[in-house]
Amino acid sequence: MSAENRDVRGRNWSTLIGKRLPRVDGLEKVTGEAKYGADYNLPGQLWLKILRSPHPHARIRRIDTSRALALDGVRDIVTGKDFNGWRWGWMHQTRDETPLAVDKVRFYGEGVAAVAAVDEETAEEACGLIDVEYEVLPGVFSVDEAMREGAPLVHDDKPGNVSWEFHMNHGDVEAGFREADHIREDRFETGRVLTGFLEPPAAIAQWNSSGITVWACKQSPYFHYRHLAACFGLPLSKIRVIQTFVGGGFGGTKNDSVAGDLCAVLMSKRTGRPVKFVYTMEEVFTTCRRRHNFVIINKMGMKKDGTITAMQSKAIGEGGFCTAIGPLTLYLTGVMSTLPYRLPNFKHNAYRIFTNHPAGAAMRGHGSTHTRFAAEVQINMMAKDLGLDPLEVRLKNAVTAPHETINGILVKSAGIKEGLEVLKESAAWREKVERRHAGKDVVHGVGVSGASYSGGARQRGHQACSAMVRLCEDGTINYLTGATDCGQGSDTVLVQIIAEELGLGLDDVGIRRVDTAMTTVDPGSYGSRVTLFAGEAAQKAAREVRDQLAAVAARQWNVAAERIAFNSGNVFVIDDPDKSMPFRKLAQIACYAETGAVIMGRGYSEYSPEPYDFDNGYGDPGVNFSFTAQLTEVDVDLETGITRATDFLIAHDCGRPIHPVNVEAQVQGAAVQGLGQALYEEFRMENGRTLNPNFVDYRMPLATEGPAITVVDILTDDPDGIHGAKEASEGSIVSTPPSVVSAIHDATGVWFTSLPVTPEKIALALKARRDRGAE
């Protein structure tokens with residue numbers, strides 16, 4: 001894997017920003033000192049296990065816990081009714097999820113009861129002693145089944161099993177189609193896939209006179225702390241969520257609460273003892289959030305020269321048993337479709353449908369992965385129909401900054417054209433015909449795609465990030481943040497920003513991870529928002545400290561505070577080298593002089609673009625927008641259909657990489673995650689039951705199956721991003737599947753429109769083509 005920078009505008013580098021520095025959490029992780037959710041234990045703790053439904057759809061007629069309660073070592077059992085009707089969800093009108101099923105189970109594995117016992121084995125045994133009487137109901141296991149007239153209802157108050165719908169209509173689509181020389185309409189389907197974190201949900205909860213304290217692996221701890229306050233009727237000041245190290249998140253499950261979280265707190269309240277749970281990986285595979293499976297009907301108009309005139313899409317997503325964050329998913333399937341190419345006319349209708357499956361929710365590349373897959377593959381289809389080069393079609397339509405989309409997105413920096421030029425200049429693209437035959441029965445193919453993704457996601461409700469920076473008397477720094485590092489390296493980036501402002505090194509800044517009783521409030525890690533929002537807050541807090549110290553130094557040297565500078569651990573007067581001192585000495589002067597002083601700074605994010613229209617998909621969904629151009633090379637065995645991705649060339653406009661190693665790792669990781677969804681990964685379901693609930697059978701790509709990845713940073717220095725930064729990684733999970741599928745077509749001549757493209761699909765398609773040729 002390799003990386004390089006291509007500078008579009010040019011900018012002076014600073015001391016720390018843009019440097020390849022070690023991560024601030026690296027030592028803790030490589031030495032095993034880092035403690036994850038399952039590593040926490042308290043004296044006298046009980047273990048929690050959940051009894052899960054053996055049916056995907058059934059009424060609960062009776063629950064008898066008497067035999068389980070009589071088992072030695074069992075201390076408590078709770079059912080859904082013990083939560084007194086409390087429900088949660090992303091919006092007030094979509095709160096349809098309960099901690100445990102109450103009157104009806106809606107998917108295989110839904111929690112029905114929870115047991116707290118002195119050890120894990122006893123809790124597991126007790127679950128087997130609970131007697132539940134079910135009235136089995138017919139289920140719906142696809143959107144087609146769920147939408148049929150007279151289909152069983154997952155929720156009795158949701159006719160037609162419609163969870164949510166979203167509509168956009170900008171420009172004049174019919175006029176755009178009349179202007180086109182060529183129109184295609186195709187059906188696409190994305191896969192039902194797992195987020196794939198290695199650490200399952202885990203937490204330990206304690207209820208005492210001070211309130212609720214929870215140690216949990218959460219991507220967005222402040223979401224969970226609000227859920228706890230609402231569920232148990234306590235003020236937020238009585239809720240304390242302490243974030244452990246997080247072993248991967250990627251959205252969905254760890255951005256939310258799970259049944260174990262809420263049951264553990266209730267049982268701690270009832271027993272007076274700490275209660276711990278750790279989900280098994282089978283529970284993760286069968287019950288936790290997954291990416292929605294979408295069917296997309298995409299229609300596109302194009303002129304003979306490749307100009308796109310209009311696009312119309314219908315997206316139908318399988319939502320599973322509850323609404324969760326589904327409204328935002330539908331919004332993102334449409335609102336980001338107007339990038340990365342100029343699109344003068346666009347209409348979008350999206351529907352989320354309830355089924356008797358686990359919930360579909362957010363996952364890296366949220367929403368955009370589905371509709372961008374359809375649009376990118378269709379662009380390549382149309383280019384072939386018209387005899388055009390698919391790269392030239394993209395270059396012809398690519399946006400340049402400044403640009404305003406038909407739905408009011410303001411693009412102030414865009415490196416998509418430069419990225420596409422990188423692909424065009426590559427040997428892989430120039431020599432694709434010569435490289436076609438990779439060996440006996442093996443054909444080499446090359447495919448391309450483009451993508452855009454928003455950074456600094458703007459949702460409804462509290463969005464401001466905040467920070468506190470405190471100067472210690474010895475010249476070191478304590479930094480308090482509510483932002484969560486769930487593996488993406490944001491702790492390092494935020495420390496970089498503070499150290500840069502104060503002229504210090506990374507080791508001089510100590511970061512304190514989230515503790516909702518101590519750290520500043522923060523919405524959490526999702527939508528590529530942490531660097532932009534938490535970074536702005538950290539910078540402002542550091543500047544407050546810097547300004548206070550500059551005032552002290554200015555008095556010492558009898559100069560204006562504006563002339564004081566900080567760099568490399570020293571403080572000095574600009575243009576007067578004789579007036580300088582170590583940062584440590586200035587800290588001591590500031591803290592000890594006269595009566596002394598406490599030097600602290602605070603900051604919060606204030607990005608405030610014009611209000612956006614969530615209901616109609618108009619306005620900015622984020623602060624700025626990354627752009628990705630990707631070229632994929634594959635080898636396809638024409639006899640077996642086995643496909644190996646050999647090379648990725650990813651030209652990614654992330655504005656300016658603050659920490660280049662993190663950027664490269666995130667882009668590479670997301671691309672491999674996208675590769676899994678393109679070729680390998682898919683839940684196999686049968687009547688609501690997951691048939692491959694483990695990593696062996698689910699088949700995420702192994703390290704040995706990863707391609708050689710070259711990342712080229714297109715440097716655009718976005719004016720709204722701190723230090724010019726934009727998001728890094730979500731773009732490459734969006735761009736990978738369509739580029740892989742297009743490469744397979746280049747090798748085989750067959751278009752595949754349903755993910756994943758397995759060897760079986762390829763072999764059968766090639767056989768069918770041979771059979772047709774023999775007729």
# chains A, B, ... in the order shown; residues from 1 in each chain; ligands from 1

call {"tool": "select_by_dssp", "arguments": {"residues": "stretch 122-152 of chain A", "states": "strand (DSSP E or B)", "output": "ChimeraX atom specification"}}
result
/A:131-136

call {"tool": "write_last_selection", "arguments": {"atoms": "N, CA and C atoms", "output": "PDB file, in the first residue's frame"}}
result
ATOM      1  N   ASP A 131     -40.065 -20.195  30.806  1.00  0.00           N
ATOM      2  CA  ASP A 131     -41.091 -20.777  29.935  1.00  0.00           C
ATOM      3  C   ASP A 131     -41.887 -19.656  29.283  1.00  0.00           C
ATOM      4  N   VAL A 132     -41.820 -19.565  27.966  1.00  0.00           N
ATOM      5  CA  VAL A 132     -42.549 -18.528  27.232  1.00  0.00           C
ATOM      6  C   VAL A 132     -43.552 -19.213  26.310  1.00  0.00           C
ATOM      7  N   GLU A 133     -44.779 -18.788  26.401  1.00  0.00           N
ATOM      8  CA  GLU A 133     -45.816 -19.306  25.502  1.00  0.00           C
ATOM      9  C   GLU A 133     -46.024 -18.299  24.373  1.00  0.00           C
ATOM     10  N   TYR A 134     -45.811 -18.756  23.138  1.00  0.00           N
ATOM     11  CA  TYR A 134     -45.926 -17.897  21.966  1.00  0.00           C
ATOM     12  C   TYR A 134     -47.124 -18.313  21.116  1.00  0.00           C
ATOM     13  N   GLU A 135     -47.717 -17.328  20.460  1.00  0.00           N
ATOM     14  CA  GLU A 135     -48.647 -17.585  19.360  1.00  0.00           C
ATOM     15  C   GLU A 135     -47.926 -17.153  18.086  1.00  0.00           C
ATOM     16  N   VAL A 136     -47.470 -18.131  17.343  1.00  0.00           N
ATOM     17  CA  VAL A 136     -46.651 -17.839  16.174  1.00  0.00           C
ATOM     18  C   VAL A 136     -47.492 -17.167  15.097  1.00  0.00           C
TER      19      VAL A 136
END

call {"tool": "residues_around", "arguments": {"residues": "stretch 122-124 of chain A", "least_positions_apart": "2", "cutoff": "8 Å", "atoms": "only C-alpha atoms", "output": "list in words"}}
result
Trp47, Leu48, Lys49, Gly73, Val74, Val115, Ala116, Ala117, Val118, Asp119, Glu120, Ala126, Cys127 and Gly128 of chain A

call {"tool": "residues_around", "arguments": {"residues": "stretch 760-772 of chain A", "least_positions_apart": "6", "cutoff": "8 Å", "atoms": "only C-alpha atoms", "output": "PyMOL selection string"}}
result
chain A and resi 638-642+748+750

call {"tool": "select_by_dssp", "arguments": {"residues": "stretch 617-688 of chain A", "states": "alpha helix (DSSP H)", "output": "list in words"}}
result
Pro660, Val661, Asn662, Val663, Glu664, Ala665, Gln666, Val667, Gln668, Gly669, Ala670, Ala671, Val672, Gln673, Gly674 and Leu675 of chain A

call {"tool": "write_last_selection", "arguments": {"atoms": "N, CA and C atoms", "output": "PDB file, in the first residue's frame"}}
result
ATOM      1  N   PRO A 660      -1.678  12.437   8.096  1.00  0.00           N
ATOM      2  CA  PRO A 660      -1.699  11.641   6.862  1.00  0.00           C
ATOM      3  C   PRO A 660      -1.789  10.136   7.089  1.00  0.00           C
ATOM      4  N   VAL A 661      -1.155   9.618   8.138  1.00  0.00           N
ATOM      5  CA  VAL A 661      -1.203   8.174   8.374  1.00  0.00           C
ATOM      6  C   VAL A 661      -2.634   7.742   8.678  1.00  0.00           C
ATOM      7  N   ASN A 662      -3.325   8.520   9.512  1.00  0.00           N
ATOM      8  CA  ASN A 662      -4.726   8.216   9.800  1.00  0.00           C
ATOM      9  C   ASN A 662      -5.578   8.264   8.538  1.00  0.00           C
ATOM     10  N   VAL A 663      -5.358   9.280   7.717  1.00  0.00           N
ATOM     11  CA  VAL A 663      -6.138   9.423   6.483  1.00  0.00           C
ATOM     12  C   VAL A 663      -5.938   8.198   5.596  1.00  0.00           C
ATOM     13  N   GLU A 664      -4.693   7.812   5.399  1.00  0.00           N
ATOM     14  CA  GLU A 664      -4.418   6.654   4.538  1.00  0.00           C
ATOM     15  C   GLU A 664      -5.059   5.387   5.100  1.00  0.00           C
ATOM     16  N   ALA A 665      -4.914   5.196   6.420  1.00  0.00           N
ATOM     17  CA  ALA A 665      -5.472   3.995   7.043  1.00  0.00           C
ATOM     18  C   ALA A 665      -6.985   3.960   6.911  1.00  0.00           C
ATOM     19  N   GLN A 666      -7.625   5.114   7.087  1.00  0.00           N
ATOM     20  CA  GLN A 666      -9.076   5.162   6.997  1.00  0.00           C
ATOM     21  C   GLN A 666      -9.553   4.934   5.562  1.00  0.00           C
ATOM     22  N   VAL A 667      -8.882   5.536   4.598  1.00  0.00           N
ATOM     23  CA  VAL A 667      -9.259   5.343   3.197  1.00  0.00           C
ATOM     24  C   VAL A 667      -9.061   3.884   2.796  1.00  0.00           C
ATOM     25  N   GLN A 668      -7.937   3.310   3.190  1.00  0.00           N
ATOM     26  CA  GLN A 668      -7.667   1.910   2.856  1.00  0.00           C
ATOM     27  C   GLN A 668      -8.663   0.981   3.539  1.00  0.00           C
ATOM     28  N   GLY A 669      -8.903   1.213   4.830  1.00  0.00           N
ATOM     29  CA  GLY A 669      -9.834   0.355   5.565  1.00  0.00           C
ATOM     30  C   GLY A 669     -11.240   0.406   5.001  1.00  0.00           C
ATOM     31  N   ALA A 670     -11.703   1.601   4.664  1.00  0.00           N
ATOM     32  CA  ALA A 670     -13.045   1.730   4.108  1.00  0.00           C
ATOM     33  C   ALA A 670     -13.134   1.058   2.739  1.00  0.00           C
ATOM     34  N   ALA A 671     -12.064   1.169   1.952  1.00  0.00           N
ATOM     35  CA  ALA A 671     -12.068   0.549   0.628  1.00  0.00           C
ATOM     36  C   ALA A 671     -12.147  -0.974   0.739  1.00  0.00           C
ATOM     37  N   VAL A 672     -11.415  -1.553   1.691  1.00  0.00           N
ATOM     38  CA  VAL A 672     -11.477  -3.005   1.873  1.00  0.00           C
ATOM     39  C   VAL A 672     -12.851  -3.406   2.401  1.00  0.00           C
ATOM     40  N   GLN A 673     -13.433  -2.571   3.258  1.00  0.00           N
ATOM     41  CA  GLN A 673     -14.798  -2.836   3.720  1.00  0.00           C
ATOM     42  C   GLN A 673     -15.761  -2.818   2.531  1.00  0.00           C
ATOM     43  N   GLY A 674     -15.578  -1.876   1.625  1.00  0.00           N
ATOM     44  CA  GLY A 674     -16.399  -1.829   0.418  1.00  0.00           C
ATOM     45  C   GLY A 674     -16.160  -3.023  -0.484  1.00  0.00           C
ATOM     46  N   LEU A 675     -14.913  -3.504  -0.525  1.00  0.00           N
ATOM     47  CA  LEU A 675     -14.596  -4.698  -1.313  1.00  0.00           C
ATOM     48  C   LEU A 675     -15.374  -5.899  -0.771  1.00  0.00           C
TER      49      LEU A 675
END

call {"tool": "residues_around", "arguments": {"residues": "A:Cys654", "least_positions_apart": "5", "cutoff": "6 Å", "atoms": "only C-alpha atoms", "output": "PyMOL selection string"}}
result
chain A and resi 626+726-728

call {"tool": "residues_around", "arguments": {"residues": "A:Leu388", "least_positions_apart": "5", "cutoff": "10 Å", "atoms": "only C-alpha atoms", "output": "list in words"}}
result
Lys304, Asp305, Gly306, Asn380, Met381, Met382, Ala383 and Val393 of chain A

call {"tool": "atom_distance", "arguments": {"atom1": "atom CA of A:Gln312", "atom2": "atom CA of A:Phe346"}}
result
5.7 Å

call {"tool": "closest_atom_pairs", "arguments": {"of": "stretch 733-764 of chain A", "to": "stretch 695-711 of chain A", "cutoff": "12 Å", "atoms": "only C-alpha atoms", "output": "JSON lines"}}
result
{"residue": "A:Thr736", "atom": "CA", "partner": "A:Ile709", "partner_atom": "CA", "distance": 11.6}
{"residue": "A:Val740", "atom": "CA", "partner": "A:Pro707", "partner_atom": "CA", "distance": 11.4}
{"residue": "A:Pro756", "atom": "CA", "partner": "A:Arg699", "partner_atom": "CA", "distance": 11.3}
{"residue": "A:Thr758", "atom": "CA", "partner": "A:Arg699", "partner_atom": "CA", "distance": 11.2}

call {"tool": "residues_around", "arguments": {"residues": "A:Leu471", "least_positions_apart": "4", "cutoff": "7 Å", "atoms": "only C-alpha atoms", "output": "MDAnalysis selection string"}}
result
chainID A and resid 475:478 599:600

call {"tool": "closest_atom_pairs", "arguments": {"of": "stretch 499-595 of chain A", "to": "stretch 206-219 of chain A", "cutoff": "8 Å", "atoms": "only C-alpha atoms", "output": "JSON lines"}}
result
{"residue": "A:Gly524", "atom": "CA", "partner": "A:Gln219", "partner_atom": "CA", "distance": 6.3}
{"residue": "A:Ser525", "atom": "CA", "partner": "A:Gln219", "partner_atom": "CA", "distance": 5.7}
{"residue": "A:Tyr526", "atom": "CA", "partner": "A:Gln219", "partner_atom": "CA", "distance": 7.9}

call {"tool": "closest_residue", "arguments": {"among": "A:Ala725, A:Val377, A:Ile308, A:Val469", "to": "A:Phe533", "atoms": "only C-alpha atoms"}}
result
A:Ala725

call {"tool": "closest_residue", "arguments": {"among": "A:Leu494, A:Gly160, A:Glu185, A:His357", "to": "A:Glu686", "atoms": "only C-alpha atoms"}}
result
A:His357

call {"tool": "closest_residue", "arguments": {"among": "A:Thr405, A:Asn298, A:Thr280, A:Ser66", "to": "A:Pro693", "atoms": "only C-alpha atoms"}}
result
A:Thr280

call {"tool": "decode", "arguments": {"residues": "stretch 203-216 of chain A", "atoms": "all heavy atoms", "output": "mmCIF file, in the first residue's frame"}}
result
data_model
loop_
_atom_site.group_PDB
_atom_site.id
_atom_site.type_symbol
_atom_site.label_atom_id
_atom_site.label_comp_id
_atom_site.auth_asym_id
_atom_site.auth_seq_id
_atom_site.Cartn_x
_atom_site.Cartn_y
_atom_site.Cartn_z
ATOM 1 N N ALA A 203 -20.834 -3.812 28.572
ATOM 2 C CA ALA A 203 -20.943 -2.726 29.540
ATOM 3 C C ALA A 203 -21.095 -3.298 30.932
ATOM 4 O O ALA A 203 -21.476 -4.457 31.114
ATOM 5 C CB ALA A 203 -22.130 -1.818 29.210
ATOM 6 N N ILE A 204 -20.800 -2.474 31.925
ATOM 7 C CA ILE A 204 -21.126 -2.786 33.311
ATOM 8 C C ILE A 204 -21.822 -1.563 33.892
ATOM 9 O O ILE A 204 -21.391 -0.424 33.665
ATOM 10 C CB ILE A 204 -19.873 -3.183 34.113
ATOM 11 C CG1 ILE A 204 -20.273 -3.626 35.525
ATOM 12 C CG2 ILE A 204 -18.836 -2.083 34.140
ATOM 13 C CD1 ILE A 204 -19.157 -4.340 36.263
ATOM 14 N N ALA A 205 -22.939 -1.803 34.562
ATOM 15 C CA ALA A 205 -23.783 -0.714 35.065
ATOM 16 C C ALA A 205 -23.895 -0.798 36.578
ATOM 17 O O ALA A 205 -23.998 -1.895 37.151
ATOM 18 C CB ALA A 205 -25.167 -0.787 34.431
ATOM 19 N N GLN A 206 -23.910 0.377 37.212
ATOM 20 C CA GLN A 206 -24.078 0.436 38.662
ATOM 21 C C GLN A 206 -25.063 1.546 39.007
ATOM 22 O O GLN A 206 -24.898 2.690 38.566
ATOM 23 C CB GLN A 206 -22.742 0.695 39.348
ATOM 24 C CG GLN A 206 -22.810 0.658 40.871
ATOM 25 C CD GLN A 206 -21.438 0.677 41.501
ATOM 26 O OE1 GLN A 206 -20.558 1.412 41.062
ATOM 27 N NE2 GLN A 206 -21.240 -0.133 42.533
ATOM 28 N N TRP A 207 -26.072 1.193 39.788
ATOM 29 C CA TRP A 207 -27.058 2.171 40.272
ATOM 30 C C TRP A 207 -26.862 2.310 41.772
ATOM 31 O O TRP A 207 -26.922 1.338 42.514
ATOM 32 C CB TRP A 207 -28.468 1.675 39.961
ATOM 33 C CG TRP A 207 -29.570 2.634 40.316
ATOM 34 C CD1 TRP A 207 -29.810 3.221 41.528
ATOM 35 C CD2 TRP A 207 -30.589 3.129 39.443
ATOM 36 N NE1 TRP A 207 -30.902 4.047 41.474
ATOM 37 C CE2 TRP A 207 -31.409 4.012 40.201
ATOM 38 C CE3 TRP A 207 -30.907 2.908 38.104
ATOM 39 C CZ2 TRP A 207 -32.520 4.657 39.667
ATOM 40 C CZ3 TRP A 207 -31.999 3.560 37.565
ATOM 41 C CH2 TRP A 207 -32.807 4.423 38.334
ATOM 42 N N ASN A 208 -26.634 3.533 42.221
ATOM 43 C CA ASN A 208 -26.544 3.792 43.652
ATOM 44 C C ASN A 208 -27.129 5.160 43.953
ATOM 45 O O ASN A 208 -27.791 5.763 43.090
ATOM 46 C CB ASN A 208 -25.099 3.654 44.152
ATOM 47 C CG ASN A 208 -24.131 4.560 43.395
ATOM 48 O OD1 ASN A 208 -24.508 5.627 42.902
ATOM 49 N ND2 ASN A 208 -22.883 4.133 43.300
ATOM 50 N N SER A 209 -26.868 5.660 45.145
ATOM 51 C CA SER A 209 -27.512 6.909 45.573
ATOM 52 C C SER A 209 -27.098 8.107 44.725
ATOM 53 O O SER A 209 -27.809 9.110 44.673
ATOM 54 C CB SER A 209 -27.189 7.187 47.043
ATOM 55 O OG SER A 209 -25.778 7.263 47.231
ATOM 56 N N SER A 210 -25.958 8.024 44.047
ATOM 57 C CA SER A 210 -25.523 9.147 43.208
ATOM 58 C C SER A 210 -26.128 9.095 41.814
ATOM 59 O O SER A 210 -25.975 10.033 41.039
ATOM 60 C CB SER A 210 -23.992 9.162 43.110
ATOM 61 O OG SER A 210 -23.524 8.007 42.456
ATOM 62 N N GLY A 211 -26.799 7.990 41.484
ATOM 63 C CA GLY A 211 -27.421 7.862 40.174
ATOM 64 C C GLY A 211 -26.895 6.644 39.433
ATOM 65 O O GLY A 211 -26.556 5.628 40.041
ATOM 66 N N ILE A 212 -26.824 6.742 38.118
ATOM 67 C CA ILE A 212 -26.414 5.631 37.256
ATOM 68 C C ILE A 212 -24.996 5.887 36.749
ATOM 69 O O ILE A 212 -24.704 6.968 36.230
ATOM 70 C CB ILE A 212 -27.362 5.486 36.052
ATOM 71 C CG1 ILE A 212 -28.791 5.186 36.510
ATOM 72 C CG2 ILE A 212 -26.869 4.405 35.095
ATOM 73 C CD1 ILE A 212 -29.823 5.302 35.405
ATOM 74 N N THR A 213 -24.131 4.888 36.888
ATOM 75 C CA THR A 213 -22.803 4.931 36.281
ATOM 76 C C THR A 213 -22.654 3.703 35.392
ATOM 77 O O THR A 213 -22.943 2.583 35.811
ATOM 78 C CB THR A 213 -21.689 4.928 37.338
ATOM 79 O OG1 THR A 213 -21.882 6.039 38.221
ATOM 80 C CG2 THR A 213 -20.321 5.044 36.672
ATOM 81 N N VAL A 214 -22.204 3.952 34.161
ATOM 82 C CA VAL A 214 -22.058 2.884 33.179
ATOM 83 C C VAL A 214 -20.685 3.003 32.528
ATOM 84 O O VAL A 214 -20.280 4.100 32.137
ATOM 85 C CB VAL A 214 -23.151 2.974 32.094
ATOM 86 C CG1 VAL A 214 -22.914 1.961 30.996
ATOM 87 C CG2 VAL A 214 -24.528 2.778 32.697
ATOM 88 N N TRP A 215 -19.980 1.877 32.431
ATOM 89 C CA TRP A 215 -18.757 1.789 31.641
ATOM 90 C C TRP A 215 -19.126 1.029 30.379
ATOM 91 O O TRP A 215 -19.531 -0.144 30.441
ATOM 92 C CB TRP A 215 -17.674 1.030 32.400
ATOM 93 C CG TRP A 215 -17.126 1.748 33.609
ATOM 94 C CD1 TRP A 215 -15.953 2.432 33.706
ATOM 95 C CD2 TRP A 215 -17.728 1.817 34.915
ATOM 96 N NE1 TRP A 215 -15.786 2.934 34.979
ATOM 97 C CE2 TRP A 215 -16.864 2.567 35.741
ATOM 98 C CE3 TRP A 215 -18.911 1.317 35.471
ATOM 99 C CZ2 TRP A 215 -17.146 2.827 37.078
ATOM 100 C CZ3 TRP A 215 -19.204 1.588 36.801
ATOM 101 C CH2 TRP A 215 -18.318 2.335 37.592
ATOM 102 N N ALA A 216 -19.021 1.653 29.209
ATOM 103 C CA ALA A 216 -19.551 1.033 27.992
ATOM 104 C C ALA A 216 -18.730 1.437 26.776
ATOM 105 O O ALA A 216 -18.145 2.528 26.724
ATOM 106 C CB ALA A 216 -21.007 1.437 27.786
#
